[in-house]
Each structure stands twice: as C-alpha cells, then as structure tokens.
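Accompanying notes for the structure given below.
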Protein chains: 4
Amino acid sequence: MTKESAGQHDKEQWIEELLAVKEDGQMTPKQISILEAAIEIFSDKGFSAASTSEIAQKAGVAEGTIFRYYKTKKDLLLSIVGPTMSRMIAPFVMRNFNGVLDMPFESYEAFLRAFIVNRLDFARKNFKIIRILVQEIPFQPALREQFAENVLAQVLERVTAITEHFKAEGEVIDAPTPAIIRFTVSSVIGYLLARLLLMPEKDWDDEEEISQLITFMLHGIGGPALREQ
Amino acid sequence: MTKESAGQHDKEQWIEELLAVKEDGQMTPKQISILEAAIEIFSDKGFSAASTSEIAQKAGVAEGTIFRYYKTKKDLLLSIVGPTMSRMIAPFVMRNFNGVLDMPFESYEAFLRAFIVNRLDFARKNFKIIRILVQEIPFQPALREQFAENVLAQVLERVTAITEHFKAEGEVIDAPTPAIIRFTVSSVIGYLLARLLLMPEKDWDDEEEISQLITFMLHGIGGPALREQ
Amino acid sequence: MTKESAGQHDKEQWIEELLAVKEDGQMTPKQISILEAAIEIFSDKGFSAASTSEIAQKAGVAEGTIFRYYKTKKDLLLSIVGPTMSRMIAPFVMRNFNGVLDMPFESYEAFLRAFIVNRLDFARKNFKIIRILVQEIPFQPALREQFAENVLAQVLERVTAITEHFKAEGEVIDAPTPAIIRFTVSSVIGYLLARLLLMPEKDWDDEEEISQLITFMLHGIGGPALREQ
Amino acid sequence: MTKESAGQHDKEQWIEELLAVKEDGQMTPKQISILEAAIEIFSDKGFSAASTSEIAQKAGVAEGTIFRYYKTKKDLLLSIVGPTMSRMIAPFVMRNFNGVLDMPFESYEAFLRAFIVNRLDFARKNFKIIRILVQEIPFQPALREQFAENVLAQVLERVTAITEHFKAEGEVIDAPTPAIIRFTVSSVIGYLLARLLLMPEKDWDDEEEISQLITFMLHGIGGPALREQ
DNA sequence: CATGAATGAGGTTTCATTCAT
DNA sequence: CATGAATGAAACCTCATTCAT
C-alpha cells in the first residue's frame, strides 16, 4: 500500500487473506514487497504495460528475485488475482449443508442491505486487485475460466436460490429470475463503481445512499403520475 | 470486421462515421485497412499487448506505412476511439437551440425505451471500439479527459434536464437526480453488457427484455407482500 | 572468414553454396555478415556458449537485426548446418537414373582415392561448419533426424551399392558389407581428423599419405612374418 | 548412473576410481550425488547448457552445496573428466622400468585383441564421462592441455614403442609409424563408436566383430583380384 | 557442513520507430 | 506515397555464485 492511495481506501486486507491461504503463513518480507509492488503497478498501468523491472525496483528487490517466487510474470498475476477470486464468493458459500436452505435474512430488503454493505466493504478493501482482475479477465483465458467456474457459477447458484425463496414469499415479483438478478446486480455494481471508482472523493453518506438504492430497486423510480394508471 | 463476428454484430458502422468526420472523406484504402486491423487487434489483445507489426501484417501494409498516417501507436489508438466518443453523444445533442427544452418524448417510458433501443444499436455496431475504449480509459489520461469533457459532461447535462423534466411531470419520483441517473444508467448498461458481452449467443427477445427492464426500473422488483405494507 | 584461420583453410565455400540454395541468390550483405560471424563463434565456443550479442557485434549489426533474419538462435544454427548437410551427400547422389548402376570408377582403389580426395577438399572448405555440426548433433534432435534421414541413409545406400559391386568383381573381400564400410569410413575419417584438426600445421604430402592409407586399407599393415603363415 | 542406461552399459566404475584417487577415500554421499548428477546432465545437455541448479536438484542437494565442493561449475567439470583422463592411460603405463622394454604380448595380433577388448570395456564403463570429455575438449584449453600432455603423449610414446617392436619382428610392415598408429587407432575408435554410440542396441557378437576388424587391419579388405597382381 | 534466498549480470527476444530507397 | 531493413532500448527470464543462517 502506498501513500497516494492511503486516504482513499482502507489498508487492503489482501495480505492477511493471502497469508491465510498458505498453510503455515510462510511468506518472506521480500515476497510481500513483490506482491505489494506488483498490485500497485499492475493496477496503475495494466498487466501488459507493467514491467518486471519496475516492479522489482518498487519492491526493493533484484529483478531475479521475482522469478524465484513466480516462474513467470503471468504467474505473478495469477497468484495475485487467484486467491482474491476465491475470497469473492465467501459470503455466498454459507452453511446450508443440512439439507435445508439456510436463510439467515428475515426480508429481501435485509438481504439486499447486508449484501451491498458487505460487498462495498470487500470492494473497498480489495480495490486494486479487483481492478486488475476486471482489466485482465478479457485477455487471460486462465482467469476467465477460473472466474466462470469458481465465482460466477457459485454465486449465481446461491443468488438464484435466495431470489426464488423471496419470490415464493411474495417479496419479489414473479418475473424471470435471471432478469431479476441482472437488474439487481447491475444496480449494485453501478453504485459500487460510482462510489469507489468514478467519484471516490465525493463525501458519501453510504447508509442513506444504500437505502435510496434499495428503494429504487424494490419500488422503482416511477412517480405518482404513473401509479395512478 | 472479420468473418467470425459477422453473425454476431452488424457490420460496424465506424468507417462511414470516421469518414464523415474528415472534411472531404479523404481516406486511402490502406488507411482503412490499418484502422480495421488495429480495431480488431486492440480489441482482442489490448492496446499494450498489440504489436504494430501484427497490425501491419493483418492490414496488408508495410510496418512503416502505419507511421506515415499515425505518428505513434498511441496516436493510432486515439484516432480510433476519439471519433467514436464524439458519436456517442449524438442522440443527446438534439435540437433544443430555440430556447425551449425540446422534448420529443411523450412519456418517460417512451424516452427510456427509445434510449435503450438506440444505445443497444449503437453498442452493437461499435462493439469492438467500445471495448477498446473501456479497456484503455483507465490507462490513457488523454482519453479520460476527452471522455469526461466531451461525453460525460454533455450526456449528464442533457440527461439531467430530461430527468428533471419528467420529475416535474410526476412521472419520476422526487429523489436526487444523480441517484436516479446512476440507477437508470447502471440498469441499462447492465443489460447491454449481458446482452452483447456476457451471453451474446443466447437467443434474446430484445423487445420483451427491454419491456421487462423498464418495468423493473419504473416499478421495482418488490412483490405483492411489499406493497401491502 | 577471419584472419586467424585464413592460412589454414581455403576460403570456405559455404557462401556461394548457401546462395545457390536460395532461388535467386537473395542475401543481403548484413545477412552474410551474420552468418559469417555466427559460423566463427559457434565453431569457437559451441552453440550454447555463443551469445547472440557477440555474434551481432562481430557481424557489425544490431542485435535485433539477427532476429529479423532468423526467428531464434536455434534457427540461425539450423540455417547454417542444414544446407551444408545437403551438400554433404552431393558426390553420392550421382546420375544412375537410367536404371543401370552408374559406376564411374575403374577400380576400387580409384574409387577410394577419388572419394578421399573429394571429401578432404570438402572438409577443408567447410571445416568450421562441419565442426559445428559434429558438436551439436548430439544435442539437437532436429539436426540428428535430418542427418540420419538425409545424409546417413543416402550415403549408406550408395556406398553399400559400390562396395558390393567391387565385392562381386573380386576387388573387395567377401566379408559383411557393414563391417567393411565401418572400417573404410573410420580409416578415412581418422585421416581427415589428423590432417585438418589434430595437426593442421604439419607439412602434409597429401598424395603420398593417401596412397599409404589406401595401401593399408587394401592390404593391411601385417608384415612379412604374418604372410608366411 | 540411471535406470535408462542400466541395461546398456555396466555400472560406471568411476566412483571407485575417483575415490581411489583421493588419498583416503574421503567423499561424502552428497559429493557422490553431485558427481553422479553432473555426469548425467553434462552428458545429456552439454556443459554450457547444463545448469547448476538442475544438477543440484537431481543430486538432491542445495544449490550452494555444489559450490562448497567445487569452486566453480568449470571446476566440477574438470574434477569429473580429469581423473578419467588419468585412468585412460593405465594400460599403457606398464612396468618397463627395468630398462628392458617389457612386452607382455606374444604377437601383434594378441596385442591388438587385448587392446581392443580392454578399451571397449573401459569405454563401456566410462561412457558418459568420455562423451563429456570429447564434447568439451575443443572448448576447454585446460582439458586440451591435460589431454595432450598426460594422455596423448604417454600413449603415443608407448604405442610407438610397441609398434616398432613388432615392426622389428616383421609382424608389422615397414611403413612410417605415425601413419600406422593413425590407421590402427582410427579403426579401433571407429569400431567403438559404432558399437557404443551409433548402434548400441544392435545385437553385437563382439568376439567375432573384433576378429573381423583385426583381420581387416592386418590383411586389408582387398579381394582375390587384387592379390593376383 | 549445508542450506536456499538473494543477487545482478547477461541471455534471448520483441518492438515501436526511423529512414534510405 | 509506400516500403521494409535496420535499429537499440527494453522486455522477460536464467544462472553461476555468494552469504547469512
């Protein structure tokens, strides 16, 4: 984490998380420097335009050292975004192994709110890595595959279950689930993008904005003139 | 435009448009080849990972020829996405010079529908260039600036006017305009992405889907259980 | 060709030969410089230990220039030794297309003498390339294959035919042809090695030495004490 | 020695021999592993193309350990081929210190046979090391020098003595000794190469082949038509 | 003794760009 | 106008060697 982004986002939590992935937390300081530098530079210039020599310099190690830890530059990329992908689905892979669909939310609105807050937090803490992931997914088949299989599929399955649950409860209208999910996810991502990427420096009242967004999602933006119809 | 994408999108209209920009339609066949090849390759591999020699080869010209028309590789990029940016705002810069806000839509819903149909058409016809633009905006300050000034600002101004017009008419709820716009635009872009990028091969019934989406936007996805409250 | 070897061998003839291979003799001076430098350095230090930068320097071209002509360093190697291999078999692929075995030698001895003189000349003129070939054959499967198929097989077939011809004439003893060929070829190569590689500076009377060698091959080195038995 | 060559050559005897060189047989298991691995890899890929890290890996030791025993990679090479060179001359440095030329062979043919059998055995047991030696001699002045002084000179001296002894006895013809030696040695080496390198998998009847070869050497391959002359 | 992390020089190769033809 | 040979800086990566542990 470097100065220029310090005020913008919390200290990214990737280190602890990446460490947690390793069985015994083995990671030398140099390796951490390398990852930090790589995240910074990949995020700033894009994977292709980033040079290993610049990463080495920023990390304060010799260029060869990078290749002790990561066989190729692409390896370095994958070992940054790979674990983050795994962590993306964490909130969706909740315990429901007892056969019953475990539904910890009392209402669809509560679910939406929890979901948005949680993902905003995650996005804030993993901002740069997500940026890298989004930038590189179109060009790295390996990434795309991993994302499709390990993230999209998992999340879709779970979100479909939740949506249909609340559809049955009457809290969500009886429309095609994929369309509902598309609509929901777009709205949330749109908010996250505006919040973190387009206007990060604006003074946001997150609670208020999220409430607003949820109202839009549930009741639409149609005015009184429409409802009379 | 190459064969493999022919079935997917209409022939991209950029050529005529780019030509229209030039005062007298001056563009040699070689220059057109270069642009075609560059669009294809920039879109496939990203700007940094694309090589001018590959572009030259695909265009069927000598390497040096590219640099006769475009001083640098970045110049080539800019002359591809620049004009497209200009054309992005076309539907928003409509005649309202007579002092009155010229509002050609009878209802907000009609506006939304026209807007979505129009942008879907535009996105389909300029798919690859938009892909390049979106990919490179984060890394090219020149692009970002041009986009912010010439596109975002213009569009926002016009969309704000429209939204507030319909807010006054009671067709749109009385909520902060920026939040409404964010919500609207996110939903539309989400649809376009799913439609053209994520699942282009799916058999879409656009009219039906757009109607659905507009319903969601105007009335939300809340079910009967919510409305009783 | 550089000074240090100038006195030792004739000007190597590879250039004309390589040129002859190209359909229209197209070879820029730079490309010739590169080949000359590469032959010199590969021969002196071995393929692996030779560096392209050293070759470029010796050739007086930029390092990148090498890779315009030869995609990889190994390509450069192959384009040096490949054509030479083809030329190795030239004297063996003589006209015998009229169905008859065309035998231009009146005696086995005449054949041996012509053969040795001819190969000594060839080896002298292609000394360095042969050195490279011999050094690298064990490590380059591509070379080994080409050699086995295009050189060994062809030569063996022809030499077998010749040997059996003279066996039928009673000029060669009735022993297994492979053993005879092994013996003959070893003796000749042994002479060439001593002549060109081990003691090139010695003052050789080639005609005399070759006669001697042929006597050894035909009548052996057994002395009178043996013949009485 | 690895499995794949086990059936082909006897277990190489270099270990005992190398140990014998050391005054007190001091060689740790690690050092032996290193030598084994180095022989294998130098022989397979050539000295320059072999990497110390690969050797370390194959030997099951740390990279640094190699440099504890051998100051440089070249040192490692020399300590492999050096001792083997010493052992090459063993059969030639027989006791003849009593002033008389000690000649343990009753006939030239017996000498040739013993010599070939003995060297075939040696070559078989030291196949890989000899391969390395032959490959690297052109590029390592240190090797070349040691070979010239300690091997060639010694062997030549002894072989010259033997040859002239049998020339005096009338068993070898009265021709220049160097030419005779060249011829003899070429023939023998040619056989060894074919036997061990070119066609190792062929089913050789060594005794028969060697007899044949000796006949060729002593009586030539000239047929009856020649002898009448 | 043994390790293996670290180095940094040097390897091969790519590439945007220039310029004589 | 168009070419493509030539460039040389910089890319990614390898490797023999060192040294603190």
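In the structure tokens, each chain is lettered A, B, ... as it comes, each chain's residues begin at 1, and ligands are numbered from 1 in order of appearance.
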Residues of chain B within 9 Å of chain A, only C-alpha atoms counted, as an MDAnalysis selection string: chainID B and resid 44:49 108 135 138:139 166:167 169:175 179:180 182:191 194 209 212:213 215:227
Generate a file of the selected residues that holds N, CA and C atoms, formatted as a short mmCIF file (atom, residue, chain, number, x, y, z; two decimals), in the first residue's frame.
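Okay, this is what ended up in again-v9.cif:
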data_model
loop_
_atom_site.label_atom_id
_atom_site.label_comp_id
_atom_site.auth_asym_id
_atom_site.auth_seq_id
_atom_site.Cartn_x
_atom_site.Cartn_y
_atom_site.Cartn_z
N ASP B 44 -8.81 -7.45 -29.37
CA ASP B 44 -8.55 -8.84 -28.97
C ASP B 44 -7.49 -8.96 -27.88
N LYS B 45 -6.42 -8.18 -27.99
CA LYS B 45 -5.29 -8.40 -27.10
C LYS B 45 -5.03 -7.23 -26.17
N GLY B 46 -5.73 -6.16 -26.35
CA GLY B 46 -5.44 -4.98 -25.55
C GLY B 46 -4.39 -4.12 -26.23
N PHE B 47 -4.41 -2.85 -25.91
CA PHE B 47 -3.51 -1.91 -26.58
C PHE B 47 -2.04 -2.27 -26.38
N SER B 48 -1.64 -2.46 -25.14
CA SER B 48 -0.22 -2.72 -24.85
C SER B 48 0.26 -4.01 -25.47
N ALA B 49 -0.57 -5.01 -25.44
CA ALA B 49 -0.14 -6.31 -25.92
C ALA B 49 -0.22 -6.42 -27.44
N TYR B 108 -41.95 9.27 -20.00
CA TYR B 108 -40.62 8.84 -19.54
C TYR B 108 -40.35 7.43 -20.04
N GLN B 135 -11.51 -0.51 -22.09
CA GLN B 135 -10.26 -1.10 -21.59
C GLN B 135 -9.18 -0.05 -21.36
N PRO B 138 -8.80 3.68 -18.39
CA PRO B 138 -8.10 3.83 -17.11
C PRO B 138 -6.62 4.19 -17.27
N PHE B 139 -6.05 3.84 -18.43
CA PHE B 139 -4.61 3.99 -18.56
C PHE B 139 -4.18 5.16 -19.44
N PHE B 166 -39.23 15.15 -16.43
CA PHE B 166 -40.24 14.14 -16.11
C PHE B 166 -40.53 14.07 -14.61
N LYS B 167 -39.55 14.49 -13.84
CA LYS B 167 -39.81 14.62 -12.40
C LYS B 167 -40.91 15.66 -12.20
N GLU B 169 -43.14 16.44 -14.23
CA GLU B 169 -44.40 15.89 -14.74
C GLU B 169 -45.00 14.85 -13.80
N GLY B 170 -44.21 14.46 -12.78
CA GLY B 170 -44.71 13.44 -11.86
C GLY B 170 -44.48 12.02 -12.35
N GLU B 171 -43.75 11.89 -13.45
CA GLU B 171 -43.53 10.54 -13.95
C GLU B 171 -42.32 9.87 -13.29
N VAL B 172 -41.51 10.69 -12.69
CA VAL B 172 -40.34 10.16 -11.98
C VAL B 172 -40.41 10.65 -10.55
N ILE B 173 -40.06 9.77 -9.61
CA ILE B 173 -40.21 10.17 -8.21
C ILE B 173 -39.27 11.31 -7.85
N ASP B 174 -39.62 11.92 -6.77
CA ASP B 174 -38.86 13.08 -6.31
C ASP B 174 -37.69 12.63 -5.45
N ALA B 175 -36.66 12.19 -6.12
CA ALA B 175 -35.44 11.77 -5.41
C ALA B 175 -34.27 12.49 -6.06
N ALA B 179 -28.74 10.27 -8.14
CA ALA B 179 -29.01 8.89 -7.75
C ALA B 179 -29.89 8.21 -8.78
N ILE B 180 -30.88 8.96 -9.27
CA ILE B 180 -31.77 8.39 -10.29
C ILE B 180 -30.99 8.04 -11.56
N ARG B 182 -27.79 7.49 -11.89
CA ARG B 182 -26.89 6.36 -11.62
C ARG B 182 -27.65 5.05 -11.74
N PHE B 183 -28.80 5.05 -11.11
CA PHE B 183 -29.61 3.83 -11.11
C PHE B 183 -30.06 3.47 -12.54
N THR B 184 -30.53 4.43 -13.25
CA THR B 184 -31.00 4.20 -14.60
C THR B 184 -29.89 3.69 -15.50
N VAL B 185 -28.81 4.44 -15.49
CA VAL B 185 -27.70 4.10 -16.38
C VAL B 185 -27.13 2.73 -16.04
N SER B 186 -26.96 2.46 -14.76
CA SER B 186 -26.45 1.14 -14.36
C SER B 186 -27.33 0.05 -14.94
N SER B 187 -28.61 0.19 -14.79
CA SER B 187 -29.52 -0.85 -15.23
C SER B 187 -29.39 -1.07 -16.74
N VAL B 188 -29.34 0.02 -17.46
CA VAL B 188 -29.23 -0.09 -18.92
C VAL B 188 -27.91 -0.72 -19.32
N ILE B 189 -26.83 -0.22 -18.74
CA ILE B 189 -25.52 -0.77 -19.09
C ILE B 189 -25.44 -2.25 -18.72
N GLY B 190 -25.98 -2.57 -17.56
CA GLY B 190 -26.01 -3.97 -17.15
C GLY B 190 -26.69 -4.83 -18.21
N TYR B 191 -27.78 -4.33 -18.74
CA TYR B 191 -28.47 -5.08 -19.79
C TYR B 191 -27.60 -5.20 -21.04
N ALA B 194 -24.77 -7.76 -20.50
CA ALA B 194 -25.24 -9.14 -20.54
C ALA B 194 -25.61 -9.52 -21.98
N GLU B 209 -37.45 -8.23 -23.39
CA GLU B 209 -36.49 -7.98 -22.31
C GLU B 209 -36.44 -6.50 -21.93
N GLN B 212 -39.42 -5.61 -19.94
CA GLN B 212 -39.21 -6.12 -18.58
C GLN B 212 -38.34 -5.17 -17.78
N LEU B 213 -37.23 -4.81 -18.40
CA LEU B 213 -36.27 -3.95 -17.72
C LEU B 213 -36.90 -2.62 -17.34
N THR B 215 -40.04 -2.02 -16.83
CA THR B 215 -40.95 -2.25 -15.71
C THR B 215 -40.18 -2.27 -14.38
N PHE B 216 -39.08 -3.01 -14.39
CA PHE B 216 -38.25 -3.05 -13.18
C PHE B 216 -37.85 -1.65 -12.76
N MET B 217 -37.39 -0.88 -13.74
CA MET B 217 -36.88 0.45 -13.40
C MET B 217 -37.99 1.35 -12.85
N LEU B 218 -39.13 1.23 -13.45
CA LEU B 218 -40.21 2.15 -13.03
C LEU B 218 -40.94 1.68 -11.78
N HIS B 219 -41.14 0.38 -11.66
CA HIS B 219 -41.98 -0.10 -10.55
C HIS B 219 -41.24 -0.99 -9.58
N GLY B 220 -39.96 -1.26 -9.89
CA GLY B 220 -39.18 -2.05 -8.96
C GLY B 220 -39.49 -3.52 -9.05
N ILE B 221 -38.76 -4.27 -8.25
CA ILE B 221 -38.95 -5.71 -8.27
C ILE B 221 -39.64 -6.19 -7.00
N GLY B 222 -40.08 -5.26 -6.18
CA GLY B 222 -40.80 -5.66 -4.97
C GLY B 222 -42.09 -6.40 -5.33
N GLY B 223 -42.39 -7.47 -4.58
CA GLY B 223 -43.58 -8.27 -4.84
C GLY B 223 -44.79 -7.76 -4.07
N PRO B 224 -45.93 -8.43 -4.20
CA PRO B 224 -47.18 -8.01 -3.55
C PRO B 224 -47.05 -7.88 -2.03
N ALA B 225 -46.26 -8.76 -1.43
CA ALA B 225 -46.12 -8.71 0.02
C ALA B 225 -45.59 -7.36 0.48
N LEU B 226 -44.79 -6.75 -0.37
CA LEU B 226 -44.22 -5.45 0.00
C LEU B 226 -45.26 -4.34 -0.13
N ARG B 227 -46.04 -4.44 -1.18
CA ARG B 227 -46.94 -3.32 -1.47
C ARG B 227 -48.05 -3.17 -0.43
#
With only C-alpha atoms (C1' of nucleotides) considered, list every residue of chain F at most 10 Å from chain C, as JSON, numbers by chain. {"F": [5, 6, 7, 8]}
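For the pair C1' of DT17 (chain F) and CA of Ser53 (chain D), the interatomic distance is 11.3 Å.
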Within 9 Å of chain E, which residues of chain B show up when using only C-alpha atoms (C1' of nucleotides), listed as an mmCIF file with N, CA, C and O atoms, in the first residue's frame?
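Writing the result to out-v1.cif gives the following:
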data_model
loop_
_atom_site.group_PDB
_atom_site.id
_atom_site.type_symbol
_atom_site.label_atom_id
_atom_site.label_comp_id
_atom_site.auth_asym_id
_atom_site.auth_seq_id
_atom_site.Cartn_x
_atom_site.Cartn_y
_atom_site.Cartn_z
ATOM 1 N N SER B 51 0.891 -5.518 -31.167
ATOM 2 C CA SER B 51 2.127 -5.011 -31.761
ATOM 3 C C SER B 51 1.837 -4.389 -33.120
ATOM 4 O O SER B 51 1.000 -4.887 -33.884
ATOM 5 N N THR B 52 2.532 -3.330 -33.380
ATOM 6 C CA THR B 52 2.296 -2.643 -34.650
ATOM 7 C C THR B 52 2.625 -3.548 -35.834
ATOM 8 O O THR B 52 2.007 -3.435 -36.891
ATOM 9 N N SER B 53 3.565 -4.435 -35.636
ATOM 10 C CA SER B 53 3.914 -5.298 -36.763
ATOM 11 C C SER B 53 2.759 -6.255 -37.064
ATOM 12 O O SER B 53 2.479 -6.562 -38.222
ATOM 13 N N GLY B 64 6.163 0.407 -41.865
ATOM 14 C CA GLY B 64 6.385 1.843 -41.908
ATOM 15 C C GLY B 64 5.144 2.636 -42.290
ATOM 16 O O GLY B 64 4.995 3.792 -41.893
ATOM 17 N N PHE B 67 3.085 4.318 -39.643
ATOM 18 C CA PHE B 67 3.634 5.514 -39.021
ATOM 19 C C PHE B 67 3.611 6.713 -39.958
ATOM 20 O O PHE B 67 3.965 7.812 -39.582
ATOM 21 N N THR B 72 2.450 7.862 -33.806
ATOM 22 C CA THR B 72 2.836 6.818 -32.859
ATOM 23 C C THR B 72 1.695 5.810 -32.724
ATOM 24 O O THR B 72 0.592 6.028 -33.198
ATOM 25 N N LYS B 73 2.009 4.760 -32.022
ATOM 26 C CA LYS B 73 1.000 3.727 -31.780
ATOM 27 C C LYS B 73 -0.164 4.328 -30.983
ATOM 28 O O LYS B 73 -1.329 4.025 -31.236
#
Which residues are near region 34-39 of chain D? Cut-off 9 Å, only C-alpha atoms (C1' of nucleotides), ignore same chain within fewer than 4 positions. Put them as a list in words. Met1, Ile15, Pro29, Lys30, Ser43, Asp44, Ala50, Thr52, Glu54, Ile55, Ala56, Gln57, Lys58, Ala59, Gly60, Val61, Thr65, Ile66, Leu76, Leu77, Ser79, Ile80, Lys128, Ile129 and Ile132 of chain D
Residues from the last selection, C-alpha atoms, saved as a PDB file, in the first residue's frame:
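Dumped to part.pdb:
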ATOM      1  CA  MET D   1      24.015 -43.975 -13.475  1.00  0.00           C
ATOM      2  CA  ILE D  15      33.192 -43.859  -8.390  1.00  0.00           C
ATOM      3  CA  PRO D  29      27.479 -39.186  -0.053  1.00  0.00           C
ATOM      4  CA  LYS D  30      26.415 -35.697  -1.101  1.00  0.00           C
ATOM      5  CA  SER D  43      26.481 -35.786 -20.795  1.00  0.00           C
ATOM      6  CA  ASP D  44      22.858 -35.189 -21.788  1.00  0.00           C
ATOM      7  CA  ALA D  50      23.640 -27.695 -18.124  1.00  0.00           C
ATOM      8  CA  THR D  52      23.988 -25.989 -11.690  1.00  0.00           C
ATOM      9  CA  GLU D  54      19.372 -28.688 -12.296  1.00  0.00           C
ATOM     10  CA  ILE D  55      22.381 -30.640 -11.119  1.00  0.00           C
ATOM     11  CA  ALA D  56      21.646 -29.703  -7.523  1.00  0.00           C
ATOM     12  CA  GLN D  57      18.052 -30.767  -7.916  1.00  0.00           C
ATOM     13  CA  LYS D  58      18.939 -34.104  -9.458  1.00  0.00           C
ATOM     14  CA  ALA D  59      21.566 -34.675  -6.809  1.00  0.00           C
ATOM     15  CA  GLY D  60      19.118 -33.835  -4.052  1.00  0.00           C
ATOM     16  CA  VAL D  61      21.298 -31.150  -2.536  1.00  0.00           C
ATOM     17  CA  THR D  65      26.334 -27.277  -1.643  1.00  0.00           C
ATOM     18  CA  ILE D  66      27.816 -27.777  -5.071  1.00  0.00           C
ATOM     19  CA  LEU D  76      33.108 -29.510 -11.333  1.00  0.00           C
ATOM     20  CA  LEU D  77      33.664 -30.388 -14.970  1.00  0.00           C
ATOM     21  CA  SER D  79      37.094 -32.907 -11.453  1.00  0.00           C
ATOM     22  CA  ILE D  80      34.908 -35.269 -13.437  1.00  0.00           C
ATOM     23  CA  LYS D 128      29.196 -40.786 -20.235  1.00  0.00           C
ATOM     24  CA  ILE D 129      32.374 -39.279 -18.923  1.00  0.00           C
ATOM     25  CA  ILE D 132      31.665 -35.239 -21.860  1.00  0.00           C
TER      26      ILE D 132
END
Among region 34-221 of chain B, which ones does DSSP assign to helix (DSSP H, G or I) (computed from the backbone)? Answer as a PyMOL selection string. chain B and resi 34-45+52-59+63-69+73-88+90-92+108-125+127-136+141-168+177-198+206-219
